[in-house]
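Everything on this sheet refers to the single structure shown next.
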Amino acid sequence: MTSLPAVPSPAKLVRAFFRAIPAAVALATFVHLAQGGFRGLHTLGWTEAALVMGLLVGIGMAAWRRAMRSSVGAVIDLRDDLELGGGLISAAFIVVAIGGGELFPIVYLLMAFLVAFLPRNAGMTLLGVALVYDGLVTLGGPVVNVTGFLTHTLFLALFAGLYHLVLSARMLVAKRAESDAVQKRIREVEERARTFRLVSSGTQDSFSGMNSDEKWLVASVKEIEGAVHAALEIAETGLRTDTCAAFLLTSDDRSLKLYDCRSGSERVQREKFNAGEGIIGGVLKRRAPVRMNSPQGLKGVTYYEGGGPTVQALLAVPILEGSGLVRGVLVADKLKNEPFTDQDEKMLTTIAGEVLRSIEVERVMSYIRKTRDEKDRFFRAIEELNRAGSPDQVFVAVLEATRQLAGLDFCAVTLVSEQEGKRVHRVARMTGVTAQGKALEGQTFQDNNGLVANVVRYGAPLPGRDIKAMDRQVIFDEETQVRGLGALKIFPLVAGDRILGTLVAGSRKKAAFEQDVLRMIEVIAIQAAQAVLRAQLYEQMEKMATTDGLTGLLNHRTFQSRADDILAQARRYNRKCSIMLTDVDHFKSVNDTYGHPTGDQVLKGVARIIKTLARDTDVVARYGGEEFVMVMPETDVQGAKIIAERIREAVMAEVFQTEMGPLRITMSLGIATFPDNAMEKQQMIDLADQCLYHSKRNGRNQSVTVAQMQGGRKLAAVAE
């Protein structure tokens, strides 16, 4: 088998020529320095001038190429770095060679620059190039300066290494400081969100980055903080307080933390303090307002730091939910003995209600938004499943939908089938696993007592309750262990009265599966089963429409369509293409002597041999009766002849066991090639058919090309 070699286009040759200029000029400079060039101004000539000009052009081209690639977002590879860096090093050593060793610090600075701004592998490679250049300049001249070379080598390594280390350290420190600042702000927002009950106090969500959910969360926190601030301004003005502050319980309900205040004192507690102590502790326990005053000063005021002012009048109102659950306390105090009135208490209680209302509104909006997003993801998942046309598309859609709905860490789809009367399970697709786990895709395992097999056996989701020893559970089979899961649920894929397989959902979090989420995943599993069944039926129908029922090869109609496509490609790209027609010799006598079942057995065996010896790119079909056809793209007549002979010899060597004893058969084959023999498909088929019958008329059990057929005809005509 041979094919015409691809000839590069003129445009590619021109691009390759210009791309080679920077490296070629740098290499030429390298050679010239090795031969003693650039040893002073008095030695400069036309050769040196040409090299300098070429070097400048090469540096400019390399810099322009980098700029163009950066502008379109393309990756800057190692070759780009070496072309630019090599040119700059060559230029620096030309300056040193002409001006003398006093200018060598230029090389130090250049190396520091290159190591700082280029990737490590490029920087280290260019350091080696600089050392080679230095060896040429200091050791290749009439005076060998070993000491100078060693000194330069030491300082080059120090400049490159130390500068790289310092720069890396500074970047690391800057990144860490930036990350710490971001994480600190995120933790503050997260803690406030939990305090306001915008998110669950037990959540493990990370606020790294600022996606849409986190932006909304920050906006909600700011909305509540604005409402609290406005309420305190009203209270300060209406009650004429010295301090008016809102303290909210933290997510663990054990501490109070200041969230906003209006005060003339700098001693208001900014850090958490115990919620069960002092006057405020009493307010939280009794869930009722407290009014106190004393000209000697009140005891038990815990919301000031040590050395705080003496409070003589205080009013504290709990922030209560409708269910009676305490969320915090509003405190108003005065440094003068001016008792608060019933009207003041009523006013502060109303303000506390407004603070709670703002928190509740955001919590309700949070729940509505979360529910809406879940429903949106759910309906999008159903739409994706309905659009999926093949089983693989169904698997991808169901795994992605399930993972997003429940925030899962592990998902898998398994299918079940019957083989020799026994159930066999296959892992069709997995996500959220390591590379080793990914290798399980496509693996099969026999029916067993694992969870997947039991779900298929009983047709119900498992496990029915939380599993304590999760790592010891058999999910697929004994040889396959899935570790690190805190929660697991396996759903059957049920379509009508058939169970097609299972949907495996796992999470590292123990409380990952809420009832609403479980119900949605269960509905997705039902939809997925219907989608898998539709896709399987579609594949079966497509296979029946395109393949021959007896041999499993493509049928005649599909062959005609595929042959048109292959010939169109060959015509477009001026490539070779061959068609081979085959016929079983004396097949009628096989049917008459051994019976039609044996004839069918022979056809199946021949189809299997041809399919096995065909290449992946070849198209093999049953042409009709005992005839088979093969289209071989990018194959000339010699290559087609080799393949034909392999098939003929393999068929001749095959022994078919029948009731009447062993049976051997032979085949005749005809070959036609595009464009050598014909330009159209039907012409090629007709020529291959003529070659086939030429083989039969001349002894059978042989493969014949058009040239051989035409040569045989000429010999026959001469003999006559």
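Residue numbering restarts at 1 in every chain; chains get A, B, ... in the order shown in the structure tokens, and ligands count up from 1 in that same order.
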
Tell me which protein, DNA and RNA residues are within 7 Å of stretch 618-633 of chain A, counting only C-alpha atoms, leaving out same-chain ones fewer than 5 positions away, and put them as JSON, numbers by chain. {"A": [548, 553, 554, 555, 556, 559, 563, 566, 576, 577, 578, 579, 580, 581, 582, 583, 584, 603, 611]}

Quick check for you: according to DSSP on this backbone, which residues of stretch 439-614 of chain A are classed as strand (DSSP E)? Reply as a ChimeraX atom specification. /A:444-446,487-495,498-507,577-584

List the spatial neighbours of A:Ser417 as a compact mmCIF listing (two decimals) with N, CA, C and O atoms, in the first residue's frame - criterion: any atom at most 12 Å away, only C-alpha atoms, same-chain residues fewer than 2 positions off excluded.
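This is the output file result.txt:
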```
# COMPACT_ATOMS: atom_id res chain seq x y z
N THR A 414 -24.92 3.05 35.16
CA THR A 414 -24.64 1.66 34.80
C THR A 414 -25.78 1.12 33.96
O THR A 414 -26.93 1.55 34.11
N LEU A 415 -25.48 0.19 33.09
CA LEU A 415 -26.48 -0.49 32.27
C LEU A 415 -26.43 -1.99 32.57
O LEU A 415 -25.36 -2.53 32.89
N GLN A 419 -26.59 -11.89 29.27
CA GLN A 419 -25.62 -12.63 28.47
C GLN A 419 -25.61 -14.08 28.93
O GLN A 419 -25.28 -14.36 30.08
N GLU A 420 -26.02 -14.96 28.02
CA GLU A 420 -26.10 -16.39 28.32
C GLU A 420 -26.95 -16.66 29.55
O GLU A 420 -26.63 -17.47 30.41
N GLY A 421 -28.08 -15.93 29.62
CA GLY A 421 -29.03 -16.14 30.70
C GLY A 421 -28.64 -15.52 32.03
O GLY A 421 -29.33 -15.73 33.03
N LYS A 422 -27.55 -14.75 32.09
CA LYS A 422 -27.10 -14.13 33.34
C LYS A 422 -27.04 -12.62 33.19
O LYS A 422 -26.71 -12.10 32.12
N ARG A 423 -27.35 -11.94 34.29
CA ARG A 423 -27.25 -10.47 34.28
C ARG A 423 -25.80 -10.04 34.30
O ARG A 423 -25.00 -10.55 35.09
N VAL A 424 -25.50 -9.06 33.46
CA VAL A 424 -24.16 -8.47 33.44
C VAL A 424 -24.33 -6.95 33.50
O VAL A 424 -25.11 -6.37 32.73
N HIS A 425 -23.62 -6.31 34.41
CA HIS A 425 -23.69 -4.86 34.59
C HIS A 425 -22.47 -4.21 33.95
O HIS A 425 -21.35 -4.73 34.05
N ARG A 426 -22.69 -3.05 33.33
CA ARG A 426 -21.59 -2.32 32.70
C ARG A 426 -21.59 -0.87 33.19
O ARG A 426 -22.65 -0.22 33.21
N VAL A 427 -20.42 -0.37 33.58
CA VAL A 427 -20.29 1.04 33.98
C VAL A 427 -20.19 1.86 32.70
O VAL A 427 -19.17 1.87 32.02
N THR A 444 -17.22 -4.27 32.93
CA THR A 444 -18.40 -5.04 33.27
C THR A 444 -18.16 -5.86 34.53
O THR A 444 -17.02 -6.15 34.88
N PHE A 445 -19.25 -6.19 35.22
CA PHE A 445 -19.15 -7.06 36.38
C PHE A 445 -20.42 -7.90 36.48
O PHE A 445 -21.51 -7.48 36.07
N GLN A 446 -20.26 -9.10 37.00
CA GLN A 446 -21.36 -10.04 37.08
C GLN A 446 -22.33 -9.63 38.19
O GLN A 446 -22.03 -8.82 39.06
N ASP A 447 -23.52 -10.22 38.14
CA ASP A 447 -24.52 -9.97 39.18
C ASP A 447 -23.97 -10.42 40.53
O ASP A 447 -23.31 -11.46 40.64
N ALA A 453 -26.31 -3.94 41.87
CA ALA A 453 -27.02 -5.16 41.49
C ALA A 453 -28.34 -5.30 42.24
O ALA A 453 -29.36 -5.73 41.68
N VAL A 456 -31.03 -3.00 40.78
CA VAL A 456 -31.60 -3.61 39.57
C VAL A 456 -32.51 -4.78 39.95
O VAL A 456 -33.59 -4.97 39.37
N ARG A 498 -39.26 -2.42 32.38
CA ARG A 498 -37.86 -2.80 32.22
C ARG A 498 -36.96 -1.95 33.10
O ARG A 498 -37.20 -0.74 33.26
N ILE A 499 -35.96 -2.57 33.67
CA ILE A 499 -34.92 -1.84 34.41
C ILE A 499 -33.66 -1.87 33.56
O ILE A 499 -33.08 -2.94 33.32
N LEU A 500 -33.27 -0.70 33.07
CA LEU A 500 -32.16 -0.61 32.12
C LEU A 500 -30.81 -0.49 32.82
O LEU A 500 -29.78 -0.76 32.21
N GLY A 501 -30.79 -0.05 34.06
CA GLY A 501 -29.54 0.14 34.78
C GLY A 501 -29.77 0.98 36.01
O GLY A 501 -30.87 0.97 36.60
```

Minimum-distance residue to A:Phe513, chosen among A:Val706, A:Ala614, A:Leu408, A:Leu440 (using only C-alpha atoms):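 Looking only at the distances to A:Phe513, the closest residue turns out to be A:Leu408.
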
Which residues are close to stretch 323-330 of chain A, i.e. within 9 Å by only C-alpha atoms, leaving aside same-chain residues fewer than 6 positions away? Reply as a PyMOL selection string. chain A and resi 195-196+232+244-250+253+256-257+280+283-285+287+315-317+348-349+351-352+356

May I ask for the distance between atom CA of A:Tyr594 and atom CA of A:Ala653, given in Å to one decimal place?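 About the pair atom CA of A:Tyr594 and atom CA of A:Ala653: they are 19.0 Å apart.
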
Would you kindly return, as a ChimeraX atom specification, each protein, DNA or RNA residue with an atom no farther than 6 Å from any atom of stretch 516-531 of chain A, considering only C-alpha atoms and excluding same-chain residues fewer than 4 positions away? /A:493-495

Atom CA of A:Ala487 to atom CA of A:Arg508: how many Å, to one decimal?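 Atom CA of A:Arg508 lies 6.4 Å from atom CA of A:Ala487.
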
Identify which of the residues A:Ile685, A:Leu462, A:Ile106, A:Leu84 lies closest to A:Ala122, counting only C-alpha atoms when measuring atom-to-atom distances.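 When distances to A:Ala122 are compared using only C-alpha atoms, the smallest one comes from A:Leu84.
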
Taking the DSSP secondary structure from the backbone, can you list the residues of stretch 418-660 of chain A that are helix (DSSP H, G or I), as a PDB file with C-alpha atoms, in the first residue's frame?
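After the write, part12.pdb holds the following:
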```
ATOM      1  CA  ALA A 435      -7.914   8.982  36.370  1.00  0.00           C
ATOM      2  CA  GLN A 436      -7.809   5.476  37.846  1.00  0.00           C
ATOM      3  CA  GLY A 437     -11.542   5.616  38.510  1.00  0.00           C
ATOM      4  CA  LYS A 438     -12.185   6.873  34.988  1.00  0.00           C
ATOM      5  CA  LEU A 451     -25.826  -2.022  45.856  1.00  0.00           C
ATOM      6  CA  VAL A 452     -26.027  -1.540  42.073  1.00  0.00           C
ATOM      7  CA  ALA A 453     -27.018  -5.165  41.485  1.00  0.00           C
ATOM      8  CA  ASN A 454     -29.588  -5.019  44.297  1.00  0.00           C
ATOM      9  CA  VAL A 455     -31.154  -1.837  42.914  1.00  0.00           C
ATOM     10  CA  VAL A 456     -31.604  -3.613  39.574  1.00  0.00           C
ATOM     11  CA  ARG A 457     -32.866  -6.746  41.349  1.00  0.00           C
ATOM     12  CA  TYR A 458     -35.494  -4.983  43.496  1.00  0.00           C
ATOM     13  CA  MET A 470     -19.567   3.977  53.712  1.00  0.00           C
ATOM     14  CA  ASP A 471     -16.062   2.954  52.624  1.00  0.00           C
ATOM     15  CA  ARG A 472     -16.863  -0.722  53.233  1.00  0.00           C
ATOM     16  CA  GLN A 515     -36.028  15.351  50.134  1.00  0.00           C
ATOM     17  CA  ASP A 516     -36.669  17.860  47.334  1.00  0.00           C
ATOM     18  CA  VAL A 517     -33.307  17.061  45.747  1.00  0.00           C
ATOM     19  CA  LEU A 518     -33.897  13.311  46.033  1.00  0.00           C
ATOM     20  CA  ARG A 519     -37.277  13.669  44.358  1.00  0.00           C
ATOM     21  CA  MET A 520     -35.802  15.681  41.487  1.00  0.00           C
ATOM     22  CA  ILE A 521     -32.981  13.172  40.979  1.00  0.00           C
ATOM     23  CA  GLU A 522     -35.564  10.370  41.002  1.00  0.00           C
ATOM     24  CA  VAL A 523     -37.539  12.130  38.258  1.00  0.00           C
ATOM     25  CA  ILE A 524     -34.314  12.662  36.286  1.00  0.00           C
ATOM     26  CA  ALA A 525     -33.579   8.931  36.617  1.00  0.00           C
ATOM     27  CA  ILE A 526     -37.015   8.142  35.173  1.00  0.00           C
ATOM     28  CA  GLN A 527     -36.497  10.589  32.298  1.00  0.00           C
ATOM     29  CA  ALA A 528     -32.987   9.233  31.754  1.00  0.00           C
ATOM     30  CA  ALA A 529     -34.343   5.693  31.474  1.00  0.00           C
ATOM     31  CA  GLN A 530     -36.821   6.794  28.824  1.00  0.00           C
ATOM     32  CA  ALA A 531     -34.078   8.675  26.978  1.00  0.00           C
ATOM     33  CA  VAL A 532     -31.717   5.672  27.115  1.00  0.00           C
ATOM     34  CA  LEU A 533     -34.472   3.383  25.822  1.00  0.00           C
ATOM     35  CA  ARG A 534     -35.258   5.799  22.957  1.00  0.00           C
ATOM     36  CA  ALA A 535     -31.576   6.091  22.082  1.00  0.00           C
ATOM     37  CA  GLN A 536     -31.097   2.309  22.146  1.00  0.00           C
ATOM     38  CA  LEU A 537     -34.146   1.753  19.939  1.00  0.00           C
ATOM     39  CA  TYR A 538     -32.918   4.447  17.562  1.00  0.00           C
ATOM     40  CA  GLU A 539     -29.502   2.797  17.353  1.00  0.00           C
ATOM     41  CA  GLN A 540     -31.114  -0.569  16.698  1.00  0.00           C
ATOM     42  CA  MET A 541     -33.303   0.878  13.950  1.00  0.00           C
ATOM     43  CA  GLU A 542     -30.342   2.695  12.430  1.00  0.00           C
ATOM     44  CA  LYS A 543     -28.291  -0.492  12.545  1.00  0.00           C
ATOM     45  CA  MET A 544     -31.086  -2.461  10.911  1.00  0.00           C
ATOM     46  CA  ALA A 545     -31.370   0.180   8.203  1.00  0.00           C
ATOM     47  CA  THR A 546     -27.645   0.271   7.442  1.00  0.00           C
ATOM     48  CA  HIS A 556     -25.741  -2.354  -0.392  1.00  0.00           C
ATOM     49  CA  ARG A 557     -27.569   0.975   0.016  1.00  0.00           C
ATOM     50  CA  THR A 558     -25.241   2.207   2.770  1.00  0.00           C
ATOM     51  CA  PHE A 559     -22.208   1.119   0.731  1.00  0.00           C
ATOM     52  CA  GLN A 560     -23.318   3.281  -2.186  1.00  0.00           C
ATOM     53  CA  SER A 561     -23.626   6.341   0.079  1.00  0.00           C
ATOM     54  CA  ARG A 562     -20.269   5.785   1.826  1.00  0.00           C
ATOM     55  CA  ALA A 563     -18.525   5.152  -1.506  1.00  0.00           C
ATOM     56  CA  ASP A 564     -19.824   8.484  -2.844  1.00  0.00           C
ATOM     57  CA  ASP A 565     -18.383  10.309   0.166  1.00  0.00           C
ATOM     58  CA  ILE A 566     -14.973   8.600  -0.072  1.00  0.00           C
ATOM     59  CA  LEU A 567     -14.671   9.252  -3.821  1.00  0.00           C
ATOM     60  CA  ALA A 568     -15.658  12.896  -3.297  1.00  0.00           C
ATOM     61  CA  GLN A 569     -12.826  13.258  -0.770  1.00  0.00           C
ATOM     62  CA  ALA A 570     -10.366  11.533  -3.117  1.00  0.00           C
ATOM     63  CA  ARG A 571     -11.405  13.805  -5.990  1.00  0.00           C
ATOM     64  CA  ARG A 572     -11.141  16.941  -3.849  1.00  0.00           C
ATOM     65  CA  TYR A 573      -7.675  16.214  -2.444  1.00  0.00           C
ATOM     66  CA  PHE A 587     -20.981 -21.066  -3.782  1.00  0.00           C
ATOM     67  CA  LYS A 588     -24.027 -22.585  -5.473  1.00  0.00           C
ATOM     68  CA  SER A 589     -22.519 -26.040  -5.115  1.00  0.00           C
ATOM     69  CA  VAL A 590     -21.904 -25.361  -1.413  1.00  0.00           C
ATOM     70  CA  ASN A 591     -25.597 -24.637  -0.946  1.00  0.00           C
ATOM     71  CA  ASP A 592     -26.654 -27.612  -3.061  1.00  0.00           C
ATOM     72  CA  THR A 593     -24.267 -30.057  -1.376  1.00  0.00           C
ATOM     73  CA  TYR A 594     -24.136 -28.883   2.247  1.00  0.00           C
ATOM     74  CA  HIS A 596     -28.317 -23.333   2.966  1.00  0.00           C
ATOM     75  CA  PRO A 597     -27.485 -23.215   6.714  1.00  0.00           C
ATOM     76  CA  THR A 598     -23.900 -24.151   5.838  1.00  0.00           C
ATOM     77  CA  GLY A 599     -23.943 -21.554   3.081  1.00  0.00           C
ATOM     78  CA  ASP A 600     -24.990 -18.943   5.626  1.00  0.00           C
ATOM     79  CA  GLN A 601     -22.181 -20.131   7.907  1.00  0.00           C
ATOM     80  CA  VAL A 602     -19.686 -19.680   5.063  1.00  0.00           C
ATOM     81  CA  LEU A 603     -20.929 -16.168   4.313  1.00  0.00           C
ATOM     82  CA  LYS A 604     -20.649 -15.190   7.987  1.00  0.00           C
ATOM     83  CA  GLY A 605     -17.113 -16.587   8.169  1.00  0.00           C
ATOM     84  CA  VAL A 606     -16.008 -14.784   5.002  1.00  0.00           C
ATOM     85  CA  ALA A 607     -17.535 -11.517   6.302  1.00  0.00           C
ATOM     86  CA  ARG A 608     -15.678 -11.933   9.588  1.00  0.00           C
ATOM     87  CA  ILE A 609     -12.337 -12.504   7.796  1.00  0.00           C
ATOM     88  CA  ILE A 610     -12.765  -9.493   5.516  1.00  0.00           C
ATOM     89  CA  LYS A 611     -13.812  -7.245   8.415  1.00  0.00           C
ATOM     90  CA  THR A 612     -10.843  -8.420  10.502  1.00  0.00           C
ATOM     91  CA  LEU A 613      -8.272  -7.773   7.767  1.00  0.00           C
ATOM     92  CA  VAL A 637      -3.456  -0.456  -6.848  1.00  0.00           C
ATOM     93  CA  GLN A 638      -0.366  -2.014  -5.215  1.00  0.00           C
ATOM     94  CA  GLY A 639      -1.745  -1.460  -1.720  1.00  0.00           C
ATOM     95  CA  ALA A 640      -5.163  -2.804  -2.707  1.00  0.00           C
ATOM     96  CA  LYS A 641      -3.551  -5.881  -4.261  1.00  0.00           C
ATOM     97  CA  ILE A 642      -1.683  -6.628  -0.990  1.00  0.00           C
ATOM     98  CA  ILE A 643      -4.890  -6.402   1.054  1.00  0.00           C
ATOM     99  CA  ALA A 644      -6.793  -8.560  -1.478  1.00  0.00           C
ATOM    100  CA  GLU A 645      -4.157 -11.269  -1.341  1.00  0.00           C
ATOM    101  CA  ARG A 646      -4.232 -11.329   2.453  1.00  0.00           C
ATOM    102  CA  ILE A 647      -8.001 -11.805   2.399  1.00  0.00           C
ATOM    103  CA  ARG A 648      -7.827 -14.484  -0.303  1.00  0.00           C
ATOM    104  CA  GLU A 649      -5.179 -16.459   1.577  1.00  0.00           C
ATOM    105  CA  ALA A 650      -7.043 -16.173   4.888  1.00  0.00           C
ATOM    106  CA  VAL A 651     -10.285 -17.420   3.310  1.00  0.00           C
ATOM    107  CA  MET A 652      -8.447 -20.277   1.615  1.00  0.00           C
ATOM    108  CA  ALA A 653      -6.910 -21.298   4.969  1.00  0.00           C
TER     109      ALA A 653
END
```
